file data-v9.cif (mmCIF, C-alpha atoms)
data_structure
loop_
_atom_site.label_atom_id
_atom_site.label_comp_id
_atom_site.auth_asym_id
_atom_site.auth_seq_id
_atom_site.Cartn_x
_atom_site.Cartn_y
_atom_site.Cartn_z
CA THR Q 85 9.97 126.20 -36.31
CA LEU Q 86 9.09 124.35 -39.50
CA LEU Q 87 6.03 126.53 -40.06
CA SER Q 88 6.03 129.58 -42.29
CA PRO Q 89 6.19 132.92 -40.43
CA SER Q 90 3.36 134.08 -42.69
CA LEU Q 91 1.07 131.31 -41.39
CA GLU Q 92 -2.57 132.46 -41.29
CA LEU Q 93 -4.43 129.28 -40.26
CA PHE Q 94 -3.43 126.99 -37.39
CA TRP Q 95 -5.95 124.14 -37.50
CA VAL Q 96 -5.32 120.89 -35.59
CA SER Q 97 -8.87 120.06 -34.57
CA GLU Q 98 -11.04 116.96 -34.12
CA ASN Q 99 -8.18 114.76 -32.97
CA ALA Q 100 -8.79 113.25 -29.52
CA GLY Q 101 -5.34 111.69 -29.56
CA LEU Q 102 -3.59 115.03 -29.91
CA GLU Q 103 -1.99 115.92 -26.56
CA GLY Q 104 0.48 118.46 -25.24
CA ILE Q 105 0.20 122.23 -24.80
CA LEU Q 106 0.03 125.25 -27.06
CA PRO Q 107 3.59 126.36 -27.89
CA ASN Q 108 4.75 129.79 -26.77
CA TYR Q 109 6.17 130.50 -30.20
CA LEU Q 110 2.73 130.89 -31.76
CA ASP Q 111 3.07 134.63 -31.27
CA GLU Q 112 5.76 134.55 -33.97
CA PHE Q 113 2.98 134.09 -36.51
CA GLN Q 114 1.81 137.66 -36.60
CA SER Q 115 -0.34 137.00 -39.69
CA LEU Q 116 -2.34 134.33 -37.87
CA VAL Q 117 -6.09 134.91 -38.28
CA SER Q 118 -7.56 131.60 -37.09
CA LEU Q 119 -6.57 129.33 -34.18
CA SER Q 120 -8.57 126.08 -34.11
CA VAL Q 121 -7.62 123.44 -31.55
CA TYR Q 122 -11.04 122.04 -30.69
CA LYS Q 123 -12.06 118.47 -29.84
CA THR Q 124 -8.53 117.47 -28.85
CA SER Q 125 -6.71 116.41 -25.68
CA VAL Q 126 -4.49 119.49 -25.72
CA SER Q 127 -4.22 120.88 -22.19
CA GLY Q 128 -2.50 123.60 -20.18
CA SER Q 129 -3.07 127.31 -20.30
CA VAL Q 130 -3.32 129.54 -23.35
CA PRO Q 131 -0.03 131.48 -23.61
CA GLU Q 132 -0.55 135.17 -22.94
CA SER Q 133 1.78 135.90 -25.85
CA ILE Q 134 -0.90 134.69 -28.27
CA PHE Q 135 -3.22 137.49 -27.18
CA SER Q 136 -0.53 140.16 -27.29
CA GLY Q 137 1.35 138.94 -30.38
CA CYS Q 138 -1.28 137.50 -32.74
CA THR Q 139 -3.34 140.65 -33.00
CA LYS Q 140 -4.86 139.74 -36.38
CA LEU Q 141 -6.78 136.79 -34.94
CA ASN Q 142 -10.47 136.82 -35.83
CA SER Q 143 -11.31 133.29 -34.70
CA ILE Q 144 -10.28 131.30 -31.61
CA ARG Q 145 -11.86 127.87 -31.34
CA LEU Q 146 -10.56 125.78 -28.45
CA TYR Q 147 -13.76 124.06 -27.35
CA LYS Q 148 -14.13 120.50 -26.06
CA SER Q 149 -10.48 120.09 -25.17
CA LYS Q 150 -8.60 120.15 -21.85
CA PHE Q 151 -7.42 123.73 -21.54
CA GLU Q 152 -7.16 125.23 -18.08
CA GLY Q 153 -5.99 128.32 -16.26
CA THR Q 154 -7.33 131.82 -16.72
CA VAL Q 155 -8.09 133.83 -19.85
CA SER Q 156 -5.61 136.70 -20.02
CA SER Q 157 -6.82 140.30 -19.93
CA GLN Q 158 -4.54 140.76 -22.96
CA ILE Q 159 -7.38 139.32 -25.01
CA GLY Q 160 -8.62 142.89 -25.26
CA LYS Q 161 -5.88 143.51 -27.84
CA LEU Q 162 -7.54 141.19 -30.36
CA VAL Q 163 -9.66 143.95 -31.84
CA ASP Q 164 -10.56 141.92 -34.95
CA LEU Q 165 -11.81 138.89 -33.03
CA LYS Q 166 -15.24 137.67 -34.19
CA TRP Q 167 -15.47 134.16 -32.74
CA LEU Q 168 -14.38 133.04 -29.27
CA TRP Q 169 -15.44 129.44 -28.75
CA ILE Q 170 -13.86 128.06 -25.59
CA HIS Q 171 -16.67 125.98 -24.07
CA GLU Q 172 -16.23 122.62 -22.33
CA ASN Q 173 -12.71 123.02 -20.98
CA ASP Q 174 -11.42 123.69 -17.47
CA PHE Q 175 -10.83 127.42 -17.59
CA THR Q 176 -10.99 129.13 -14.19
CA GLY Q 177 -10.96 132.63 -12.74
CA ARG Q 178 -13.23 135.33 -14.10
CA VAL Q 179 -13.91 136.08 -17.73
CA PRO Q 180 -11.86 139.28 -18.20
CA THR Q 181 -13.82 142.49 -18.61
CA GLU Q 182 -11.53 143.34 -21.53
CA VAL Q 183 -13.57 140.94 -23.67
CA GLY Q 184 -16.15 143.73 -23.82
CA GLN Q 185 -13.65 145.80 -25.84
CA LEU Q 186 -13.97 143.37 -28.76
CA VAL Q 187 -16.81 145.10 -30.56
CA LYS Q 188 -16.60 142.84 -33.63
CA LEU Q 189 -17.55 139.72 -31.68
CA GLU Q 190 -20.30 137.66 -33.33
CA GLY Q 191 -20.15 134.52 -31.21
CA VAL Q 192 -18.87 133.66 -27.72
CA THR Q 193 -19.24 130.30 -25.97
CA LEU Q 194 -18.19 130.06 -22.32
CA HIS Q 195 -20.25 127.21 -20.86
CA GLY Q 196 -18.86 124.03 -19.37
CA ASN Q 197 -15.82 125.63 -17.73
CA ARG Q 198 -15.14 126.56 -14.11
CA PHE Q 199 -15.24 130.32 -14.38
CA ASP Q 200 -15.91 132.33 -11.23
CA PRO Q 201 -19.19 134.26 -11.16
CA VAL Q 202 -19.33 137.99 -11.63
CA ILE Q 203 -20.15 139.77 -8.39
CA HIS Q 204 -22.95 142.28 -8.90
CA VAL Q 205 -23.20 145.06 -6.31
CA ASP Q 206 -26.17 147.44 -6.12
CA GLU Q 207 -26.19 151.13 -5.19
CA ASN Q 208 -26.21 150.25 -1.48
CA HIS Q 209 -23.12 148.07 -1.94
CA ARG Q 210 -24.98 144.85 -1.32
CA SER Q 211 -24.36 141.78 -3.39
CA GLY Q 212 -27.16 141.15 -5.83
CA GLY Q 213 -29.40 138.17 -5.24
CA VAL Q 214 -30.15 137.53 -8.90
CA GLY Q 215 -27.73 135.79 -11.17
CA LEU Q 216 -25.23 134.84 -8.49
CA ASN Q 217 -23.81 132.22 -10.86
CA ASN Q 218 -23.53 134.55 -13.85
CA ILE Q 219 -20.06 134.40 -15.42
CA VAL Q 220 -20.63 137.01 -18.15
CA PRO Q 221 -19.08 140.40 -17.32
CA PRO Q 222 -21.32 143.45 -17.93
CA SER Q 223 -18.89 144.73 -20.57
CA LEU Q 224 -19.53 141.61 -22.68
CA CYS Q 225 -23.24 141.54 -21.94
CA SER Q 226 -23.54 145.07 -23.33
CA LEU Q 227 -22.48 143.80 -26.77
CA LYS Q 228 -25.33 141.28 -26.99
CA GLY Q 229 -28.02 141.89 -29.58
CA GLU Q 230 -26.23 143.96 -32.21
CA ILE Q 231 -23.25 142.24 -33.83
CA LEU Q 232 -22.96 139.66 -31.01
CA LYS Q 233 -25.71 137.19 -31.91
CA HIS Q 234 -24.46 134.09 -30.07
CA LEU Q 235 -23.57 134.31 -26.37
CA TRP Q 236 -23.67 130.85 -24.80
CA THR Q 237 -23.00 130.41 -21.12
CA ASP Q 238 -23.92 128.34 -18.04
CA CYS Q 239 -27.50 128.27 -16.81
CA GLU Q 240 -28.21 129.51 -13.32
CA GLU Q 241 -27.76 126.76 -10.74
CA GLY Q 242 -31.08 125.09 -9.99
CA ALA Q 243 -32.76 126.54 -13.07
CA LEU Q 244 -33.02 123.23 -14.94
CA THR Q 245 -34.80 119.94 -14.33
CA PRO Q 246 -34.48 116.68 -16.29
CA ALA Q 247 -37.67 115.83 -18.17
CA PHE Q 248 -38.96 112.48 -19.38
CA SER Q 249 -41.41 111.92 -22.20
CA ASP Q 250 -44.51 109.79 -21.60
CA GLU Q 251 -45.70 109.96 -25.19
CA GLU Q 252 -46.28 106.65 -26.90
CA GLY Q 253 -43.37 105.44 -28.97
CA GLU Q 254 -40.86 107.81 -27.40
CA GLY Q 255 -40.16 105.87 -24.23
CA ASN Q 256 -38.29 107.80 -21.57
CA THR Q 257 -36.43 110.21 -23.84
CA ARG Q 258 -34.37 112.51 -21.66
CA GLY Q 259 -34.66 116.24 -21.97
CA ILE Q 260 -34.19 119.37 -19.90
CA VAL Q 261 -36.73 122.02 -18.99
CA VAL Q 262 -36.37 125.37 -17.27
CA ASN Q 263 -38.12 125.50 -13.91
CA GLU Q 264 -41.20 127.67 -13.90
CA GLY Q 265 -40.60 131.22 -12.74
CA VAL Q 266 -36.82 130.89 -12.93
CA GLN Q 267 -34.52 132.95 -15.12
CA ALA Q 268 -32.25 130.44 -16.86
CA CYS Q 269 -29.40 132.89 -17.36
CA VAL Q 270 -28.74 136.55 -16.67
CA CYS Q 271 -27.11 137.39 -19.99
CA CYS Q 272 -27.04 134.88 -22.82
CA THR Q 273 -28.72 133.79 -26.02
CA ARG Q 274 -28.51 130.15 -24.92
CA CYS Q 275 -27.42 128.39 -21.74
CA PHE Q 276 -26.28 124.92 -20.75
CA PRO Q 277 -26.12 122.99 -17.45
CA ARG Q 278 -23.22 123.97 -15.22
CA LYS Q 279 -20.54 121.43 -14.36
CA ASN Q 280 -21.45 119.40 -11.28
CA ASP Q 281 -24.98 120.83 -10.91
CA GLY Q 282 -26.55 117.40 -11.15
CA VAL Q 283 -28.38 117.83 -14.46
CA VAL Q 284 -27.57 115.32 -17.16
CA VAL Q 285 -27.43 116.67 -20.70
CA PRO Q 286 -29.28 114.36 -23.08
CA ASP Q 287 -27.29 112.62 -25.77
CA LYS Q 288 -27.97 113.76 -29.34
#

call {"tool": "encode", "arguments": {"input": "data-v9.cif", "output": "structure tokens"}}
result
Amino acid sequence: TLLSPSLELFWVSENAGLEGILPNYLDEFQSLVSLSVYKTSVSGSVPESIFSGCTKLNSIRLYKSKFEGTVSSQIGKLVDLKWLWIHENDFTGRVPTEVGQLVKLEGVTLHGNRFDPVIHVDENHRSGGVGLNNIVPPSLCSLKGEILKHLWTDCEEGALTPAFSDEEGEGNTRGIVVNEGVQACVCCTRCFPRKNDGVVVPDK
């Protein structure tokens, strides 16, 4: 490649016209500490080699792009990772439990993808009735509150309702409220409407 093998920052963000996929050779940059490919049209899956080869990464920011596929369990090797911002893509499968091994995490954003929910089973081996749409594995949830200050995920389906202001001068400003008596999310510091749940996020 034309890039230096000692490359530490790979930043190609805020470029909607940027297409293609992440190259497999990124794992050659073993000094890489920050991978920022957010607000682009880059698609495809994240090469597993990045998680196993770029072990010095402390920041992965891929949000608001077109990534898809699953997040590799190899992510547990990124022991220095502090920021994992991957919201508003098309990731699928379950968030790997190995994310909970990353004890230096300060911020994680998962919302706006198509992750499968975590299946909670009680002592009698029955599926839990609360948080059936929760995508945050218990291993990650256990990190919340100490170093992990920002854990953003999807709200529970049916937890939100569009709201309209009747106050003079504000017209019908759209907003979103949490339904009374409903837990908006099982484990998060902030949640957002799930894809295809019928709630429109207001423009800002």

call {"tool": "resolve_selection", "arguments": {"input": "data-v9.cif", "expression": "the PyMOL selection byres ((chain Q and resi 136-151) around 7)", "output": "JSON, numbers by chain"}}
result
{"Q": [111, 113, 114, 115, 116, 117, 118, 119, 120, 121, 122, 123, 124, 125, 126, 127, 128, 129, 132, 133, 134, 135, 152, 158, 161, 162, 164, 165, 166, 167, 168, 169, 170, 171, 172, 173, 174, 175]}

call {"tool": "atom_distance", "arguments": {"input": "data-v9.cif", "atom1": "CA of His234 in chain Q", "atom2": "CA of Glu190 in chain Q"}}
result
6.4 Å

call {"tool": "atom_distance", "arguments": {"input": "data-v9.cif", "atom1": "CA of Gly191 in chain Q", "atom2": "CA of Pro89 in chain Q"}}
result
28.0 Å

call {"tool": "closest_residue", "arguments": {"input": "data-v9.cif", "among": "Q:Val155, Q:Ser88, Q:Lys188, Q:Leu106", "to": "Glu230 in chain Q", "atoms": "all atoms listed in the file"}}
result
Q:Lys188

call {"tool": "atom_distance", "arguments": {"input": "data-v9.cif", "atom1": "CA of Glu103 in chain Q", "atom2": "CA of His195 in chain Q"}}
result
22.2 Å

call {"tool": "closest_residue", "arguments": {"input": "data-v9.cif", "among": "Q:Gly184, Q:Gly177, Q:Pro277, Q:Gly160", "to": "Lys228 in chain Q", "atoms": "only C-alpha atoms"}}
result
Q:Gly184

call {"tool": "closest_residue", "arguments": {"input": "data-v9.cif", "among": "Q:Ser157, Q:Asn217, Q:Ser97, Q:Asn108", "to": "Glu182 in chain Q", "atoms": "all atoms listed in the file"}}
result
Q:Ser157

call {"tool": "decode", "arguments": {"input": "data-v9.cif", "residues": "range 92-110 of chain Q", "atoms": "N, CA, C and O atoms", "output": "mmCIF file, in the first residue's frame"}}
result
data_model
loop_
_atom_site.group_PDB
_atom_site.id
_atom_site.type_symbol
_atom_site.label_atom_id
_atom_site.label_comp_id
_atom_site.auth_asym_id
_atom_site.auth_seq_id
_atom_site.Cartn_x
_atom_site.Cartn_y
_atom_site.Cartn_z
ATOM 1 N N GLU Q 92 -1.026 5.576 12.430
ATOM 2 C CA GLU Q 92 -1.749 5.523 13.700
ATOM 3 C C GLU Q 92 -3.196 5.971 13.559
ATOM 4 O O GLU Q 92 -4.063 5.518 14.323
ATOM 5 N N LEU Q 93 -3.475 6.852 12.600
ATOM 6 C CA LEU Q 93 -4.829 7.396 12.428
ATOM 7 C C LEU Q 93 -5.319 7.108 11.013
ATOM 8 O O LEU Q 93 -4.663 7.480 10.041
ATOM 9 N N PHE Q 94 -6.465 6.454 10.902
ATOM 10 C CA PHE Q 94 -7.097 6.221 9.605
ATOM 11 C C PHE Q 94 -8.438 6.931 9.642
ATOM 12 O O PHE Q 94 -9.428 6.402 10.148
ATOM 13 N N TRP Q 95 -8.476 8.164 9.128
ATOM 14 C CA TRP Q 95 -9.668 9.006 9.197
ATOM 15 C C TRP Q 95 -10.118 9.353 7.783
ATOM 16 O O TRP Q 95 -9.432 10.069 7.060
ATOM 17 N N VAL Q 96 -11.279 8.873 7.387
ATOM 18 C CA VAL Q 96 -11.864 9.200 6.083
ATOM 19 C C VAL Q 96 -13.353 9.472 6.270
ATOM 20 O O VAL Q 96 -14.191 8.936 5.562
ATOM 21 N N SER Q 97 -13.670 10.325 7.209
ATOM 22 C CA SER Q 97 -15.051 10.515 7.642
ATOM 23 C C SER Q 97 -15.721 11.715 6.980
ATOM 24 O O SER Q 97 -15.086 12.508 6.285
ATOM 25 N N GLU Q 98 -17.051 11.786 7.205
ATOM 26 C CA GLU Q 98 -17.889 12.890 6.736
ATOM 27 C C GLU Q 98 -17.727 13.102 5.230
ATOM 28 O O GLU Q 98 -17.458 14.200 4.759
ATOM 29 N N ASN Q 99 -17.911 12.021 4.495
ATOM 30 C CA ASN Q 99 -17.807 12.051 3.042
ATOM 31 C C ASN Q 99 -18.841 11.083 2.486
ATOM 32 O O ASN Q 99 -18.575 9.894 2.311
ATOM 33 N N ALA Q 100 -20.047 11.598 2.220
ATOM 34 C CA ALA Q 100 -21.147 10.745 1.761
ATOM 35 C C ALA Q 100 -20.864 10.101 0.414
ATOM 36 O O ALA Q 100 -21.458 9.087 0.061
ATOM 37 N N GLY Q 101 -19.956 10.667 -0.351
ATOM 38 C CA GLY Q 101 -19.631 10.123 -1.658
ATOM 39 C C GLY Q 101 -18.594 9.018 -1.617
ATOM 40 O O GLY Q 101 -18.302 8.395 -2.641
ATOM 41 N N LEU Q 102 -18.039 8.767 -0.439
ATOM 42 C CA LEU Q 102 -17.019 7.731 -0.308
ATOM 43 C C LEU Q 102 -17.681 6.364 -0.228
ATOM 44 O O LEU Q 102 -18.436 6.085 0.706
ATOM 45 N N GLU Q 103 -17.412 5.501 -1.205
ATOM 46 C CA GLU Q 103 -18.020 4.176 -1.270
ATOM 47 C C GLU Q 103 -16.942 3.097 -1.193
ATOM 48 O O GLU Q 103 -15.764 3.384 -1.025
ATOM 49 N N GLY Q 104 -17.378 1.848 -1.312
ATOM 50 C CA GLY Q 104 -16.445 0.740 -1.268
ATOM 51 C C GLY Q 104 -16.517 -0.004 0.051
ATOM 52 O O GLY Q 104 -17.504 0.115 0.788
ATOM 53 N N ILE Q 105 -15.498 -0.764 0.372
ATOM 54 C CA ILE Q 105 -15.455 -1.553 1.602
ATOM 55 C C ILE Q 105 -14.133 -1.295 2.321
ATOM 56 O O ILE Q 105 -13.192 -0.758 1.734
ATOM 57 N N LEU Q 106 -14.071 -1.699 3.570
ATOM 58 C CA LEU Q 106 -12.815 -1.581 4.304
ATOM 59 C C LEU Q 106 -11.834 -2.632 3.783
ATOM 60 O O LEU Q 106 -12.177 -3.806 3.680
ATOM 61 N N PRO Q 107 -10.611 -2.231 3.456
ATOM 62 C CA PRO Q 107 -9.643 -3.192 2.908
ATOM 63 C C PRO Q 107 -9.135 -4.165 3.970
ATOM 64 O O PRO Q 107 -8.963 -3.811 5.140
ATOM 65 N N ASN Q 108 -8.882 -5.383 3.553
ATOM 66 C CA ASN Q 108 -8.381 -6.409 4.467
ATOM 67 C C ASN Q 108 -6.982 -6.096 4.979
ATOM 68 O O ASN Q 108 -6.581 -6.579 6.040
ATOM 69 N N TYR Q 109 -6.250 -5.285 4.228
ATOM 70 C CA TYR Q 109 -4.866 -5.027 4.624
ATOM 71 C C TYR Q 109 -4.727 -4.041 5.791
ATOM 72 O O TYR Q 109 -3.612 -3.742 6.224
ATOM 73 N N LEU Q 110 -5.831 -3.554 6.317
ATOM 74 C CA LEU Q 110 -5.729 -2.629 7.448
ATOM 75 C C LEU Q 110 -5.016 -3.253 8.641
ATOM 76 O O LEU Q 110 -4.415 -2.556 9.461
#
